[in-house]
$ cat structure_6.csv   # CSV, N, CA, C and O atoms
chain,number,residue,atom,x,y,z
A,1,MET,N,22.2,-6.3,6.2
A,1,MET,CA,21.7,-6.1,7.6
A,1,MET,C,20.3,-6.6,7.7
A,1,MET,O,19.4,-6.3,6.8
A,2,GLU,N,20.0,-7.3,8.8
A,2,GLU,CA,18.6,-7.8,9.0
A,2,GLU,C,18.0,-7.1,10.2
A,2,GLU,O,18.6,-7.1,11.3
A,3,ILE,N,16.8,-6.6,10.1
A,3,ILE,CA,16.1,-6.0,11.2
A,3,ILE,C,14.7,-6.6,11.2
A,3,ILE,O,14.0,-6.7,10.2
A,4,THR,N,14.3,-7.1,12.4
A,4,THR,CA,13.0,-7.8,12.6
A,4,THR,C,12.3,-7.2,13.8
A,4,THR,O,12.8,-6.6,14.6
A,5,GLY,N,10.9,-7.4,13.8
A,5,GLY,CA,10.2,-7.0,14.9
A,5,GLY,C,8.9,-6.3,14.7
A,5,GLY,O,8.1,-6.6,13.7
A,6,SER,N,8.6,-5.3,15.5
A,6,SER,CA,7.4,-4.6,15.6
A,6,SER,C,6.9,-4.0,14.3
A,6,SER,O,7.6,-3.3,13.6
A,7,SER,N,5.6,-4.4,13.9
A,7,SER,CA,5.0,-3.8,12.7
A,7,SER,C,4.7,-2.3,12.9
A,7,SER,O,4.6,-1.6,11.9
A,8,THR,N,4.6,-1.9,14.1
A,8,THR,CA,4.4,-0.5,14.4
A,8,THR,C,5.6,0.4,13.9
A,8,THR,O,5.4,1.5,13.4
A,9,LEU,N,6.8,-0.1,14.2
A,9,LEU,CA,8.0,0.6,13.8
A,9,LEU,C,8.4,0.4,12.4
A,9,LEU,O,9.3,1.1,11.9
A,10,ALA,N,7.9,-0.7,11.7
A,10,ALA,CA,8.4,-1.0,10.4
A,10,ALA,C,8.3,0.1,9.4
A,10,ALA,O,9.3,0.3,8.6
A,11,PRO,N,7.2,0.9,9.3
A,11,PRO,CA,7.2,2.0,8.3
A,11,PRO,C,8.3,3.0,8.5
A,11,PRO,O,8.9,3.5,7.5
A,12,LEU,N,8.5,3.4,9.7
A,12,LEU,CA,9.6,4.3,10.1
A,12,LEU,C,10.9,3.8,9.7
A,12,LEU,O,11.8,4.4,9.1
A,13,MET,N,11.2,2.5,10.1
A,13,MET,CA,12.5,1.9,9.8
A,13,MET,C,12.7,1.7,8.3
A,13,MET,O,13.8,1.8,7.9
A,14,ALA,N,11.6,1.5,7.6
A,14,ALA,CA,11.8,1.3,6.1
A,14,ALA,C,12.3,2.6,5.5
A,14,ALA,O,13.1,2.6,4.6
A,15,GLN,N,11.7,3.7,6.0
A,15,GLN,CA,12.2,5.0,5.5
A,15,GLN,C,13.6,5.3,5.9
A,15,GLN,O,14.4,5.8,5.1
A,16,ILE,N,14.0,5.0,7.1
A,16,ILE,CA,15.4,5.2,7.6
A,16,ILE,C,16.3,4.3,6.8
A,16,ILE,O,17.4,4.8,6.3
A,17,ALA,N,15.9,3.1,6.6
A,17,ALA,CA,16.7,2.1,5.8
A,17,ALA,C,16.9,2.6,4.4
A,17,ALA,O,18.0,2.5,3.8
A,18,LYS,N,15.8,3.1,3.8
A,18,LYS,CA,15.9,3.5,2.4
A,18,LYS,C,16.9,4.7,2.2
A,18,LYS,O,17.8,4.7,1.3
A,19,ARG,N,16.9,5.6,3.1
A,19,ARG,CA,17.8,6.7,3.1
A,19,ARG,C,19.2,6.3,3.4
A,19,ARG,O,20.2,6.7,2.7
A,20,TYR,N,19.4,5.4,4.3
A,20,TYR,CA,20.7,4.9,4.7
A,20,TYR,C,21.3,4.1,3.4
A,20,TYR,O,22.5,4.3,3.1
A,21,GLU,N,20.5,3.3,2.8
A,21,GLU,CA,21.0,2.6,1.6
A,21,GLU,C,21.4,3.5,0.5
A,21,GLU,O,22.4,3.3,-0.2
A,22,SER,N,20.6,4.6,0.3
A,22,SER,CA,20.9,5.6,-0.8
A,22,SER,C,22.2,6.3,-0.5
A,22,SER,O,22.9,6.7,-1.4
A,23,GLU,N,22.6,6.5,0.8
A,23,GLU,CA,23.8,7.2,1.1
A,23,GLU,C,25.0,6.2,1.3
A,23,GLU,O,26.1,6.7,1.5
A,24,ASN,N,24.7,4.9,1.3
A,24,ASN,CA,25.8,3.9,1.4
A,24,ASN,C,25.6,2.8,0.4
A,24,ASN,O,25.1,1.7,0.7
A,25,PRO,N,26.1,3.1,-0.8
A,25,PRO,CA,25.9,2.1,-1.9
A,25,PRO,C,26.5,0.7,-1.5
A,25,PRO,O,27.5,0.6,-0.9
A,26,GLY,N,25.8,-0.3,-1.9
A,26,GLY,CA,26.2,-1.7,-1.6
A,26,GLY,C,25.6,-2.2,-0.3
A,26,GLY,O,25.7,-3.4,0.0
A,27,VAL,N,25.0,-1.3,0.5
A,27,VAL,CA,24.4,-1.8,1.8
A,27,VAL,C,23.0,-2.2,1.5
A,27,VAL,O,22.2,-1.4,0.8
A,28,ARG,N,22.5,-3.3,2.0
A,28,ARG,CA,21.2,-3.8,1.8
A,28,ARG,C,20.6,-4.0,3.2
A,28,ARG,O,21.2,-4.8,4.0
A,29,ILE,N,19.5,-3.4,3.5
A,29,ILE,CA,18.8,-3.6,4.8
A,29,ILE,C,17.5,-4.3,4.6
A,29,ILE,O,16.6,-3.8,3.8
A,30,ASP,N,17.3,-5.5,5.2
A,30,ASP,CA,16.1,-6.2,5.0
A,30,ASP,C,15.3,-6.1,6.3
A,30,ASP,O,15.8,-6.3,7.4
A,31,ILE,N,14.0,-5.6,6.2
A,31,ILE,CA,13.2,-5.4,7.3
A,31,ILE,C,12.0,-6.4,7.3
A,31,ILE,O,11.3,-6.5,6.3
A,32,GLN,N,11.8,-7.1,8.4
A,32,GLN,CA,10.8,-8.1,8.5
A,32,GLN,C,10.0,-7.8,9.8
A,32,GLN,O,10.6,-7.6,10.8
A,33,THR,N,8.7,-7.9,9.7
A,33,THR,CA,7.8,-7.8,10.9
A,33,THR,C,7.6,-9.1,11.5
A,33,THR,O,8.0,-10.1,11.0
A,34,GLY,N,6.9,-9.1,12.6
A,34,GLY,CA,6.6,-10.4,13.3
A,34,GLY,C,6.3,-10.1,14.8
A,34,GLY,O,6.2,-11.0,15.6
A,35,GLY,N,6.3,-8.8,15.2
A,35,GLY,CA,6.0,-8.5,16.5
A,35,GLY,C,7.2,-8.1,17.3
A,35,GLY,O,8.3,-8.5,17.0
A,36,SER,N,6.9,-7.3,18.4
A,36,SER,CA,8.0,-6.9,19.3
A,36,SER,C,8.8,-8.1,19.9
A,36,SER,O,10.0,-8.0,19.9
A,37,SER,N,8.1,-9.1,20.3
A,37,SER,CA,8.8,-10.2,20.9
A,37,SER,C,9.7,-10.9,20.0
A,37,SER,O,10.8,-11.3,20.4
A,38,ARG,N,9.3,-11.0,18.7
A,38,ARG,CA,10.2,-11.5,17.7
A,38,ARG,C,11.5,-10.7,17.5
A,38,ARG,O,12.6,-11.2,17.5
A,39,GLY,N,11.3,-9.4,17.4
A,39,GLY,CA,12.4,-8.5,17.3
A,39,GLY,C,13.4,-8.6,18.4
A,39,GLY,O,14.6,-8.6,18.2
A,40,ILE,N,12.9,-8.6,19.6
A,40,ILE,CA,13.7,-8.7,20.8
A,40,ILE,C,14.5,-10.1,20.8
A,40,ILE,O,15.7,-10.1,21.0
A,41,ALA,N,13.7,-11.2,20.6
A,41,ALA,CA,14.4,-12.5,20.6
A,41,ALA,C,15.4,-12.6,19.4
A,41,ALA,O,16.5,-13.2,19.7
A,42,ASP,N,15.1,-12.1,18.3
A,42,ASP,CA,16.0,-12.2,17.1
A,42,ASP,C,17.3,-11.4,17.4
A,42,ASP,O,18.4,-11.8,17.1
A,43,ALA,N,17.2,-10.2,18.0
A,43,ALA,CA,18.3,-9.4,18.3
A,43,ALA,C,19.2,-10.1,19.4
A,43,ALA,O,20.4,-10.2,19.3
A,44,ALA,N,18.5,-10.6,20.4
A,44,ALA,CA,19.2,-11.3,21.5
A,44,ALA,C,20.0,-12.5,21.0
A,44,ALA,O,21.1,-12.8,21.5
A,45,SER,N,19.4,-13.3,20.1
A,45,SER,CA,20.0,-14.5,19.6
A,45,SER,C,21.0,-14.3,18.5
A,45,SER,O,21.7,-15.3,18.1
A,46,GLY,N,21.0,-13.1,17.9
A,46,GLY,CA,21.9,-12.9,16.8
A,46,GLY,C,21.3,-13.2,15.4
A,46,GLY,O,21.9,-13.1,14.4
A,47,VAL,N,20.0,-13.6,15.4
A,47,VAL,CA,19.3,-13.9,14.1
A,47,VAL,C,19.2,-12.6,13.3
A,47,VAL,O,19.3,-12.6,12.1
A,48,ALA,N,19.0,-11.5,14.0
A,48,ALA,CA,18.8,-10.2,13.4
A,48,ALA,C,19.9,-9.3,14.0
A,48,ALA,O,20.3,-9.4,15.1
A,49,ASP,N,20.3,-8.3,13.1
A,49,ASP,CA,21.3,-7.3,13.6
A,49,ASP,C,20.7,-6.3,14.5
A,49,ASP,O,21.3,-5.8,15.4
A,50,MET,N,19.4,-6.0,14.3
A,50,MET,CA,18.6,-5.1,15.1
A,50,MET,C,17.2,-5.7,15.3
A,50,MET,O,16.7,-6.3,14.4
A,51,GLY,N,16.6,-5.4,16.4
A,51,GLY,CA,15.2,-5.7,16.7
A,51,GLY,C,14.4,-4.5,16.9
A,51,GLY,O,14.9,-3.5,17.5
A,52,MET,N,13.2,-4.5,16.4
A,52,MET,CA,12.3,-3.4,16.6
A,52,MET,C,11.2,-3.8,17.7
A,52,MET,O,10.7,-4.9,17.6
A,53,SER,N,11.0,-2.9,18.6
A,53,SER,CA,10.0,-3.2,19.7
A,53,SER,C,9.2,-2.0,20.0
A,53,SER,O,9.8,-0.9,20.1
A,54,SER,N,7.9,-2.1,20.1
A,54,SER,CA,7.0,-1.0,20.4
A,54,SER,C,6.6,-1.1,21.9
A,54,SER,O,5.6,-0.6,22.3
A,55,ARG,N,7.4,-1.9,22.6
A,55,ARG,CA,7.1,-2.0,24.1
A,55,ARG,C,8.5,-2.0,24.8
A,55,ARG,O,9.5,-2.2,24.2
A,56,SER,N,8.4,-1.8,26.1
A,56,SER,CA,9.6,-1.8,26.9
A,56,SER,C,10.1,-3.3,27.1
A,56,SER,O,9.2,-4.2,27.0
A,57,LEU,N,11.3,-3.4,27.3
A,57,LEU,CA,11.9,-4.8,27.5
A,57,LEU,C,11.4,-5.3,28.9
A,57,LEU,O,11.4,-4.5,29.8
A,58,LYS,N,11.1,-6.6,28.9
A,58,LYS,CA,10.9,-7.2,30.2
A,58,LYS,C,12.3,-7.4,30.9
A,58,LYS,O,13.3,-7.4,30.2
A,59,LYS,N,12.3,-7.5,32.2
A,59,LYS,CA,13.5,-7.6,32.9
A,59,LYS,C,14.3,-8.8,32.4
A,59,LYS,O,15.6,-8.7,32.3
A,60,SER,N,13.7,-9.9,32.1
A,60,SER,CA,14.4,-11.1,31.6
A,60,SER,C,14.9,-10.9,30.2
A,60,SER,O,15.8,-11.7,29.8
A,61,GLU,N,14.5,-9.9,29.4
A,61,GLU,CA,15.0,-9.7,28.1
A,61,GLU,C,16.2,-8.7,28.0
A,61,GLU,O,16.8,-8.6,27.0
A,62,LYS,N,16.4,-8.0,29.1
A,62,LYS,CA,17.4,-6.9,29.1
A,62,LYS,C,18.9,-7.4,29.0
A,62,LYS,O,19.7,-6.7,28.3
A,63,PRO,N,19.3,-8.5,29.6
A,63,PRO,CA,20.7,-8.9,29.5
A,63,PRO,C,21.1,-9.1,28.1
A,63,PRO,O,20.5,-9.7,27.3
A,64,GLY,N,22.2,-8.4,27.7
A,64,GLY,CA,22.8,-8.6,26.4
A,64,GLY,C,22.3,-7.6,25.3
A,64,GLY,O,22.7,-7.7,24.2
A,65,LEU,N,21.3,-6.9,25.7
A,65,LEU,CA,20.7,-5.9,24.7
A,65,LEU,C,20.8,-4.5,25.1
A,65,LEU,O,20.8,-4.2,26.3
A,66,LYS,N,21.0,-3.6,24.2
A,66,LYS,CA,21.0,-2.2,24.4
A,66,LYS,C,19.9,-1.5,23.7
A,66,LYS,O,19.7,-1.8,22.5
A,67,THR,N,19.1,-0.7,24.3
A,67,THR,CA,17.9,-0.1,23.7
A,67,THR,C,18.2,1.3,23.3
A,67,THR,O,19.0,2.0,23.9
A,68,HIS,N,17.6,1.8,22.2
A,68,HIS,CA,17.6,3.1,21.7
A,68,HIS,C,16.2,3.5,21.3
A,68,HIS,O,15.6,2.9,20.4
A,69,THR,N,15.7,4.5,22.0
A,69,THR,CA,14.3,5.0,21.7
A,69,THR,C,14.4,5.9,20.4
A,69,THR,O,15.2,6.8,20.3
A,70,VAL,N,13.6,5.5,19.4
A,70,VAL,CA,13.5,6.3,18.2
A,70,VAL,C,12.2,7.1,18.0
A,70,VAL,O,12.1,8.0,17.2
A,71,ALA,N,11.2,6.7,18.8
A,71,ALA,CA,9.9,7.4,18.7
A,71,ALA,C,9.1,7.1,19.9
A,71,ALA,O,9.3,6.1,20.6
A,72,MET,N,8.1,7.9,20.2
A,72,MET,CA,7.1,7.7,21.2
A,72,MET,C,5.7,7.8,20.6
A,72,MET,O,5.5,8.7,19.8
A,73,ASP,N,4.8,6.9,21.0
A,73,ASP,CA,3.5,6.9,20.4
A,73,ASP,C,2.6,7.8,21.2
A,73,ASP,O,2.7,8.0,22.4
A,74,GLY,N,1.7,8.4,20.5
A,74,GLY,CA,0.6,9.2,21.1
A,74,GLY,C,-0.6,8.3,21.1
A,74,GLY,O,-0.9,7.6,20.1
A,75,VAL,N,-1.3,8.3,22.2
A,75,VAL,CA,-2.5,7.4,22.3
A,75,VAL,C,-3.7,8.3,22.7
A,75,VAL,O,-3.6,9.1,23.5
A,76,ALA,N,-4.8,8.0,22.0
A,76,ALA,CA,-6.0,8.8,22.2
A,76,ALA,C,-7.2,7.8,22.3
A,76,ALA,O,-7.3,6.8,21.6
A,77,LEU,N,-8.2,8.2,23.2
A,77,LEU,CA,-9.4,7.5,23.2
A,77,LEU,C,-10.5,8.3,22.5
A,77,LEU,O,-10.6,9.5,22.7
A,78,LEU,N,-11.2,7.6,21.6
A,78,LEU,CA,-12.2,8.3,20.8
A,78,LEU,C,-13.6,7.7,21.0
A,78,LEU,O,-13.7,6.5,21.2
A,79,VAL,N,-14.6,8.5,21.1
A,79,VAL,CA,-16.0,8.0,21.2
A,79,VAL,C,-16.9,8.6,20.2
A,79,VAL,O,-16.6,9.7,19.7
A,80,HIS,N,-17.9,7.9,19.8
A,80,HIS,CA,-18.9,8.5,18.9
A,80,HIS,C,-19.5,9.7,19.5
A,80,HIS,O,-19.8,9.8,20.7
A,81,ALA,N,-19.9,10.7,18.6
A,81,ALA,CA,-20.5,11.9,19.1
A,81,ALA,C,-21.8,11.7,19.9
A,81,ALA,O,-22.1,12.5,20.8
A,82,GLU,N,-22.5,10.6,19.6
A,82,GLU,CA,-23.8,10.4,20.3
A,82,GLU,C,-23.6,9.5,21.5
A,82,GLU,O,-24.6,9.2,22.2
A,83,ASN,N,-22.4,9.2,21.9
A,83,ASN,CA,-22.1,8.4,23.1
A,83,ASN,C,-22.5,9.3,24.3
A,83,ASN,O,-22.1,10.4,24.4
A,84,PRO,N,-23.3,8.7,25.2
A,84,PRO,CA,-23.7,9.5,26.4
A,84,PRO,C,-22.6,9.8,27.4
A,84,PRO,O,-22.8,10.7,28.2
A,85,ILE,N,-21.5,9.2,27.3
A,85,ILE,CA,-20.4,9.5,28.2
A,85,ILE,C,-19.7,10.7,27.8
A,85,ILE,O,-19.1,10.8,26.7
A,86,SER,N,-19.7,11.7,28.7
A,86,SER,CA,-19.1,13.0,28.3
A,86,SER,C,-17.7,13.2,28.9
A,86,SER,O,-16.9,14.1,28.5
A,87,GLU,N,-17.4,12.4,29.9
A,87,GLU,CA,-16.1,12.6,30.6
A,87,GLU,C,-15.7,11.3,31.3
A,87,GLU,O,-16.5,10.6,31.8
A,88,LEU,N,-14.4,11.0,31.3
A,88,LEU,CA,-13.8,9.9,32.1
A,88,LEU,C,-12.6,10.4,32.9
A,88,LEU,O,-11.8,11.2,32.4
A,89,SER,N,-12.5,9.9,34.1
A,89,SER,CA,-11.4,10.2,34.9
A,89,SER,C,-10.2,9.4,34.5
A,89,SER,O,-10.3,8.4,33.8
A,90,ASP,N,-9.0,9.8,34.9
A,90,ASP,CA,-7.8,9.0,34.6
A,90,ASP,C,-8.0,7.5,35.2
A,90,ASP,O,-7.6,6.6,34.5
A,91,GLU,N,-8.5,7.4,36.4
A,91,GLU,CA,-8.7,6.1,37.0
A,91,GLU,C,-9.7,5.3,36.2
A,91,GLU,O,-9.5,4.1,36.0
A,92,GLU,N,-10.7,5.9,35.7
A,92,GLU,CA,-11.7,5.1,34.8
A,92,GLU,C,-11.0,4.6,33.6
A,92,GLU,O,-11.2,3.5,33.1
A,93,ILE,N,-10.2,5.5,32.9
A,93,ILE,CA,-9.5,5.1,31.7
A,93,ILE,C,-8.6,3.9,32.0
A,93,ILE,O,-8.5,3.0,31.3
A,94,ILE,N,-7.8,4.0,33.1
A,94,ILE,CA,-6.9,3.0,33.4
A,94,ILE,C,-7.7,1.7,33.7
A,94,ILE,O,-7.3,0.6,33.3
A,95,GLY,N,-8.8,1.8,34.3
A,95,GLY,CA,-9.7,0.6,34.6
A,95,GLY,C,-10.2,0.0,33.4
A,95,GLY,O,-10.4,-1.3,33.3
A,96,ILE,N,-10.4,0.7,32.3
A,96,ILE,CA,-10.9,0.2,31.1
A,96,ILE,C,-9.9,-0.6,30.4
A,96,ILE,O,-10.1,-1.7,29.9
$ encode --input "structure_6.csv" --output "structure tokens"
Amino acid sequence: MEITGSSTLAPLMAQIAKRYESENPGVRIDIQTGGSSRGIADAASGVADMGMSSRSLKKSEKPGLKTHTVAMDGVALLVHAENPISELSDEEIIGI
């Protein structure tokens, strides 16, 4: 089995693949990174059995593919303790 795509998902998929292989002797899962777009394109074209993406599919990428969410990212903004900015509104964060 060939899985390609997002380097963000690769560590998680490597652990899943390792466990699956241990429970299914003779199965080999090859995981290659190259970005979400590669994973989507490879899955759509049949180059890969599965594609990893850390972004939503574009409308043009949806035909012929079925998505399964396996994780959600948490995102945080961090600033140095001496930064004079003490607060940002949601609108300011979106603007940045």
$ closest_residue --input "structure_6.csv" --among "A:Asn24, A:Thr4, A:Ser89, A:Ile94" --to "Ala48 in chain A" --atoms "all atoms listed in the file"
A:Thr4
$ atom_distance --input "structure_6.csv" --atom1 "atom C of Val70 in chain A" --atom2 "atom C of Pro25 in chain A"
25.0 Å
$ closest_residue --input "structure_6.csv" --among "A:Glu91, A:Asp73, A:Glu23, A:Glu2" --to "Asp42 in chain A" --atoms "all atoms listed in the file"
A:Glu2
$ residues_near_point --input "structure_6.csv" --point "(14.7, -7.0, 9.2)" --cutoff "8 Å" --atoms "all atoms listed in the file" --output "PyMOL selection string"
chain A and resi 1-5+29-33+47-52
$ write_last_selection --input "structure_6.csv" --atoms "N, CA, C and O atoms" --output "PDB file, in the frame of the given file"
ATOM      1  N   MET A   1      22.200  -6.300   6.200  1.00  0.00           N
ATOM      2  CA  MET A   1      21.700  -6.100   7.600  1.00  0.00           C
ATOM      3  C   MET A   1      20.300  -6.600   7.700  1.00  0.00           C
ATOM      4  O   MET A   1      19.400  -6.300   6.800  1.00  0.00           O
ATOM      5  N   GLU A   2      20.000  -7.300   8.800  1.00  0.00           N
ATOM      6  CA  GLU A   2      18.600  -7.800   9.000  1.00  0.00           C
ATOM      7  C   GLU A   2      18.000  -7.100  10.200  1.00  0.00           C
ATOM      8  O   GLU A   2      18.600  -7.100  11.300  1.00  0.00           O
ATOM      9  N   ILE A   3      16.800  -6.600  10.100  1.00  0.00           N
ATOM     10  CA  ILE A   3      16.100  -6.000  11.200  1.00  0.00           C
ATOM     11  C   ILE A   3      14.700  -6.600  11.200  1.00  0.00           C
ATOM     12  O   ILE A   3      14.000  -6.700  10.200  1.00  0.00           O
ATOM     13  N   THR A   4      14.300  -7.100  12.400  1.00  0.00           N
ATOM     14  CA  THR A   4      13.000  -7.800  12.600  1.00  0.00           C
ATOM     15  C   THR A   4      12.300  -7.200  13.800  1.00  0.00           C
ATOM     16  O   THR A   4      12.800  -6.600  14.600  1.00  0.00           O
ATOM     17  N   GLY A   5      10.900  -7.400  13.800  1.00  0.00           N
ATOM     18  CA  GLY A   5      10.200  -7.000  14.900  1.00  0.00           C
ATOM     19  C   GLY A   5       8.900  -6.300  14.700  1.00  0.00           C
ATOM     20  O   GLY A   5       8.100  -6.600  13.700  1.00  0.00           O
ATOM     21  N   ILE A  29      19.500  -3.400   3.500  1.00  0.00           N
ATOM     22  CA  ILE A  29      18.800  -3.600   4.800  1.00  0.00           C
ATOM     23  C   ILE A  29      17.500  -4.300   4.600  1.00  0.00           C
ATOM     24  O   ILE A  29      16.600  -3.800   3.800  1.00  0.00           O
ATOM     25  N   ASP A  30      17.300  -5.500   5.200  1.00  0.00           N
ATOM     26  CA  ASP A  30      16.100  -6.200   5.000  1.00  0.00           C
ATOM     27  C   ASP A  30      15.300  -6.100   6.300  1.00  0.00           C
ATOM     28  O   ASP A  30      15.800  -6.300   7.400  1.00  0.00           O
ATOM     29  N   ILE A  31      14.000  -5.600   6.200  1.00  0.00           N
ATOM     30  CA  ILE A  31      13.200  -5.400   7.300  1.00  0.00           C
ATOM     31  C   ILE A  31      12.000  -6.400   7.300  1.00  0.00           C
ATOM     32  O   ILE A  31      11.300  -6.500   6.300  1.00  0.00           O
ATOM     33  N   GLN A  32      11.800  -7.100   8.400  1.00  0.00           N
ATOM     34  CA  GLN A  32      10.800  -8.100   8.500  1.00  0.00           C
ATOM     35  C   GLN A  32      10.000  -7.800   9.800  1.00  0.00           C
ATOM     36  O   GLN A  32      10.600  -7.600  10.800  1.00  0.00           O
ATOM     37  N   THR A  33       8.700  -7.900   9.700  1.00  0.00           N
ATOM     38  CA  THR A  33       7.800  -7.800  10.900  1.00  0.00           C
ATOM     39  C   THR A  33       7.600  -9.100  11.500  1.00  0.00           C
ATOM     40  O   THR A  33       8.000 -10.100  11.000  1.00  0.00           O
ATOM     41  N   VAL A  47      20.000 -13.600  15.400  1.00  0.00           N
ATOM     42  CA  VAL A  47      19.300 -13.900  14.100  1.00  0.00           C
ATOM     43  C   VAL A  47      19.200 -12.600  13.300  1.00  0.00           C
ATOM     44  O   VAL A  47      19.300 -12.600  12.100  1.00  0.00           O
ATOM     45  N   ALA A  48      19.000 -11.500  14.000  1.00  0.00           N
ATOM     46  CA  ALA A  48      18.800 -10.200  13.400  1.00  0.00           C
ATOM     47  C   ALA A  48      19.900  -9.300  14.000  1.00  0.00           C
ATOM     48  O   ALA A  48      20.300  -9.400  15.100  1.00  0.00           O
ATOM     49  N   ASP A  49      20.300  -8.300  13.100  1.00  0.00           N
ATOM     50  CA  ASP A  49      21.300  -7.300  13.600  1.00  0.00           C
ATOM     51  C   ASP A  49      20.700  -6.300  14.500  1.00  0.00           C
ATOM     52  O   ASP A  49      21.300  -5.800  15.400  1.00  0.00           O
ATOM     53  N   MET A  50      19.400  -6.000  14.300  1.00  0.00           N
ATOM     54  CA  MET A  50      18.600  -5.100  15.100  1.00  0.00           C
ATOM     55  C   MET A  50      17.200  -5.700  15.300  1.00  0.00           C
ATOM     56  O   MET A  50      16.700  -6.300  14.400  1.00  0.00           O
ATOM     57  N   GLY A  51      16.600  -5.400  16.400  1.00  0.00           N
ATOM     58  CA  GLY A  51      15.200  -5.700  16.700  1.00  0.00           C
ATOM     59  C   GLY A  51      14.400  -4.500  16.900  1.00  0.00           C
ATOM     60  O   GLY A  51      14.900  -3.500  17.500  1.00  0.00           O
ATOM     61  N   MET A  52      13.200  -4.500  16.400  1.00  0.00           N
ATOM     62  CA  MET A  52      12.300  -3.400  16.600  1.00  0.00           C
ATOM     63  C   MET A  52      11.200  -3.800  17.700  1.00  0.00           C
ATOM     64  O   MET A  52      10.700  -4.900  17.600  1.00  0.00           O
TER      65      MET A  52
END
$ select_by_dssp --input "structure_6.csv" --residues "range 9-96 of chain A" --states "strand (DSSP E)" --output "PDB file with N, CA, C and O atoms, in the frame of the given file"
ATOM      1  N   ASP A  30      17.300  -5.500   5.200  1.00  0.00           N
ATOM      2  CA  ASP A  30      16.100  -6.200   5.000  1.00  0.00           C
ATOM      3  C   ASP A  30      15.300  -6.100   6.300  1.00  0.00           C
ATOM      4  O   ASP A  30      15.800  -6.300   7.400  1.00  0.00           O
ATOM      5  N   ILE A  31      14.000  -5.600   6.200  1.00  0.00           N
ATOM      6  CA  ILE A  31      13.200  -5.400   7.300  1.00  0.00           C
ATOM      7  C   ILE A  31      12.000  -6.400   7.300  1.00  0.00           C
ATOM      8  O   ILE A  31      11.300  -6.500   6.300  1.00  0.00           O
ATOM      9  N   GLN A  32      11.800  -7.100   8.400  1.00  0.00           N
ATOM     10  CA  GLN A  32      10.800  -8.100   8.500  1.00  0.00           C
ATOM     11  C   GLN A  32      10.000  -7.800   9.800  1.00  0.00           C
ATOM     12  O   GLN A  32      10.600  -7.600  10.800  1.00  0.00           O
ATOM     13  N   THR A  33       8.700  -7.900   9.700  1.00  0.00           N
ATOM     14  CA  THR A  33       7.800  -7.800  10.900  1.00  0.00           C
ATOM     15  C   THR A  33       7.600  -9.100  11.500  1.00  0.00           C
ATOM     16  O   THR A  33       8.000 -10.100  11.000  1.00  0.00           O
ATOM     17  N   MET A  50      19.400  -6.000  14.300  1.00  0.00           N
ATOM     18  CA  MET A  50      18.600  -5.100  15.100  1.00  0.00           C
ATOM     19  C   MET A  50      17.200  -5.700  15.300  1.00  0.00           C
ATOM     20  O   MET A  50      16.700  -6.300  14.400  1.00  0.00           O
ATOM     21  N   GLY A  51      16.600  -5.400  16.400  1.00  0.00           N
ATOM     22  CA  GLY A  51      15.200  -5.700  16.700  1.00  0.00           C
ATOM     23  C   GLY A  51      14.400  -4.500  16.900  1.00  0.00           C
ATOM     24  O   GLY A  51      14.900  -3.500  17.500  1.00  0.00           O
ATOM     25  N   MET A  52      13.200  -4.500  16.400  1.00  0.00           N
ATOM     26  CA  MET A  52      12.300  -3.400  16.600  1.00  0.00           C
ATOM     27  C   MET A  52      11.200  -3.800  17.700  1.00  0.00           C
ATOM     28  O   MET A  52      10.700  -4.900  17.600  1.00  0.00           O
TER      29      MET A  52
END
$ residues_near_point --input "structure_6.csv" --point "(24.7, -7.8, 25.4)" --cutoff "12 Å" --atoms "only C-alpha atoms" --output "compact mmCIF listing (two decimals) with N, CA, C and O atoms, keeping the file's coordinate frame"
# COMPACT_ATOMS: atom_id res chain seq x y z
N ILE A 40 12.90 -8.60 19.60
CA ILE A 40 13.70 -8.70 20.80
C ILE A 40 14.50 -10.10 20.80
O ILE A 40 15.70 -10.10 21.00
N ALA A 43 17.20 -10.20 18.00
CA ALA A 43 18.30 -9.40 18.30
C ALA A 43 19.20 -10.10 19.40
O ALA A 43 20.40 -10.20 19.30
N ALA A 44 18.50 -10.60 20.40
CA ALA A 44 19.20 -11.30 21.50
C ALA A 44 20.00 -12.50 21.00
O ALA A 44 21.10 -12.80 21.50
N SER A 45 19.40 -13.30 20.10
CA SER A 45 20.00 -14.50 19.60
C SER A 45 21.00 -14.30 18.50
O SER A 45 21.70 -15.30 18.10
N GLY A 46 21.00 -13.10 17.90
CA GLY A 46 21.90 -12.90 16.80
C GLY A 46 21.30 -13.20 15.40
O GLY A 46 21.90 -13.10 14.40
N GLU A 61 14.50 -9.90 29.40
CA GLU A 61 15.00 -9.70 28.10
C GLU A 61 16.20 -8.70 28.00
O GLU A 61 16.80 -8.60 27.00
N LYS A 62 16.40 -8.00 29.10
CA LYS A 62 17.40 -6.90 29.10
C LYS A 62 18.90 -7.40 29.00
O LYS A 62 19.70 -6.70 28.30
N PRO A 63 19.30 -8.50 29.60
CA PRO A 63 20.70 -8.90 29.50
C PRO A 63 21.10 -9.10 28.10
O PRO A 63 20.50 -9.70 27.30
N GLY A 64 22.20 -8.40 27.70
CA GLY A 64 22.80 -8.60 26.40
C GLY A 64 22.30 -7.60 25.30
O GLY A 64 22.70 -7.70 24.20
N LEU A 65 21.30 -6.90 25.70
CA LEU A 65 20.70 -5.90 24.70
C LEU A 65 20.80 -4.50 25.10
O LEU A 65 20.80 -4.20 26.30
N LYS A 66 21.00 -3.60 24.20
CA LYS A 66 21.00 -2.20 24.40
C LYS A 66 19.90 -1.50 23.70
O LYS A 66 19.70 -1.80 22.50
N THR A 67 19.10 -0.70 24.30
CA THR A 67 17.90 -0.10 23.70
C THR A 67 18.20 1.30 23.30
O THR A 67 19.00 2.00 23.90
$ residues_around --input "structure_6.csv" --residues "Ile93 in chain A" --least-positions-apart "3" --cutoff "12 Å" --atoms "only C-alpha atoms" --output "PyMOL selection string"
chain A and resi 75-78+87-90+96
$ select_by_dssp --input "structure_6.csv" --residues "chain A" --states "helix (DSSP H, G or I)" --output "PyMOL selection string"
chain A and resi 10-23+36-45+59-61+90-95
$ atom_distance --input "structure_6.csv" --atom1 "atom N of Thr8 in chain A" --atom2 "atom N of Ser53 in chain A"
7.9 Å
